[in-house]
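Let me begin by presenting the structure, written as structure tokens, before commenting on it.
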Amino acid sequence: MKKTPLYEAHLRHGGRMVEFAGYALPVQYTSIREEHLSVRRGAGLFDVSHMGEFLIRGPEALAFLQWATANDAAKLKVGRAQYSMLPNARGGVVDDIYLYRLAEEEYLMVVNAANIAKDWAHLKKLSQGFAVELADISEETALLALQGPKAASLLQGLTDTDLSQKRKNDVFTAQVAGRPARLARTGYTGEDGFELFLAPEDAEAVFAALVGAGATPCGLGARDTLRLEAGFPLYGHELTDDTNPLCTPWAWVVKREKSFFGKEAMLASPCWERLIGLVLEAGIPREGYPVLSGGERVGRVTSGGYSPLLEKGIALAYVEEGASEPFYVEVRGRPVGASLSPLPFVPLK
């Protein structure tokens with residue numbers, strides 16, 4: 001397994017290490033519930049250095065990204081970021097990404113760790129014919145995510161940059177605990193917060209400073225329960241190579257008014273199923289559990305778990321178009337009542 005620059009720090013803080021996307025990462029330090037609530041009520045700190053980072057530069061960087069991504073990259077001003085997707089030839093999703101415009105002809109793309117090699121090959125192929133240079137800087141980049149309602153005030157004590165002037169999806173450079181960093185007001189929890197791009201040699205010092213200022217170290221377990229409560233997709237679960245994003249709650253990402261790779265196939269693909277949120281009466285739903293309606297199987301859970309805020313089991317699930325309530329989730333062979341829930345499952349700022 002690969003190790004992030006914070007591997008030793010995780011061990012010192014009592015992190016329970018597991019393999020994820022080829023990396024040794026902490027699934028938890030104390031308990032998933034405690035870490036989850038620290039993010040909802042205070043500030044939690046995640047090591048997400050396993051994520052992939054690509055630089056895209058050149059006079060045709062924008063033209064290339066307009067073709068390669070589903071969202072409208074032309075709307076990005078320097079210092080701004082957007083959520084987007086990489087469509088494939090059949091209108092499915094190669095990956096969901098975050099795109100940051102760093103300069104007039106320079107962009108940073110953050111991709112899912114398990115998809116780094118696949119995304120890189122896809123983008124390199126699509127870039128042929130464009131005056132653009134791609135660089136994979138994943139191994140040269142450490143990434144921390146500070147999330148929660150107290151994230152800004154905690155981070156403000158470690159930087160001279162006025163964070164009150166920074167909006168959601170802003171990206172900018174700053175000194176954090178005396179170390180140079182690129183900061184983005186983005187995250188994957190549904191809370192306010194910042195993601196910090198650092199040189200690997202600076203990661204441990206910044207991690208220690210943030211923990212010392214009051215941030216709670218959090219693992220992959222809380223990261224997953226937080227994104228589930230927030231109704232965010234996880235690639236390989238809600239989004240795959242075969243998922244038409246127009247058939248999901250994230251259809252807003254796809255800008256039909258522009259040309260992009262795979263557009264014709266995406267628009268021609270019918271929506272046979274839809275993604276819904278379910279809150280269970282009892283039990284904990286897990287990926288793959290059947291969803292029932294009228295005594296028949298009409299879908300399956302893509303992500304499920306326990307919501308520390310609702311204190312109930314919650315799930316994201318794909319069901320057949322036209323399937324209606326009442327819904328049940330088959331938990332260990334027993335049908336359990338499940339009520340339809342809007343997304344996100346909990347009110348978030």
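Identifiers in this document derive from the order of the structure tokens: chains are assigned A, B, ..., residues are numbered from 1 separately in each chain, and ligands are numbered from 1 in order of occurrence.
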Problem set entry | Residues near Leu234 in chain A, cut-off 10 Å, only C-alpha atoms, skip fewer than 5 positions along chain, as an MDAnalysis selection string | chainID A and resid 95:96 112 224 227:228 239:240 302:303
Give me, as a Markdown table, the closest atom pair and its distance (Å, one decimal) for every residue of range 96-128 of chain A within a cut-off of 9 Å of range 166-174 of chain A, counting only C-alpha atoms, rows sorted by chain and rising number.
```
| residue | atom | partner | partner_atom | distance |
| --- | --- | --- | --- | --- |
| A:Tyr100 | CA | A:Val171 | CA | 7.1 |
| A:Arg101 | CA | A:Val171 | CA | 8.0 |
| A:Leu102 | CA | A:Val171 | CA | 7.6 |
```
For this session: Name all residues at most 8 Å from Phe64 in chain A (count only C-alpha atoms; drop same-chain ones fewer than 5 positions away) and give them as a list in words.
Result: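 Result of the neighbour search: Leu126, Ser127, Phe130 and Val132 of chain A.
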Exercise. Given the choices A:Ala151, A:Ala199, A:Met1, A:Val111, which gets closest to Ile97 in chain A if the distance is worked out from only C-alpha atoms?
Worked result: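 Under the stated criterion, the closest residue is A:Val111.
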Exercise. Hey, what's within 8 Å of Asp160 in chain A if we count only C-alpha atoms and toss same-chain stuff fewer than 2 positions away? As a PyMOL selection string, please?
Worked result: chain A and resi 156-158+162+174-175
Problem set entry | Residues flagged strand (DSSP E) by DSSP in range 53-269 of chain A, as a PyMOL selection string | chain A and resi 53-57+81-87+93-103+106-111+133-136+142-147+171-176+179-184+193-198+216-217
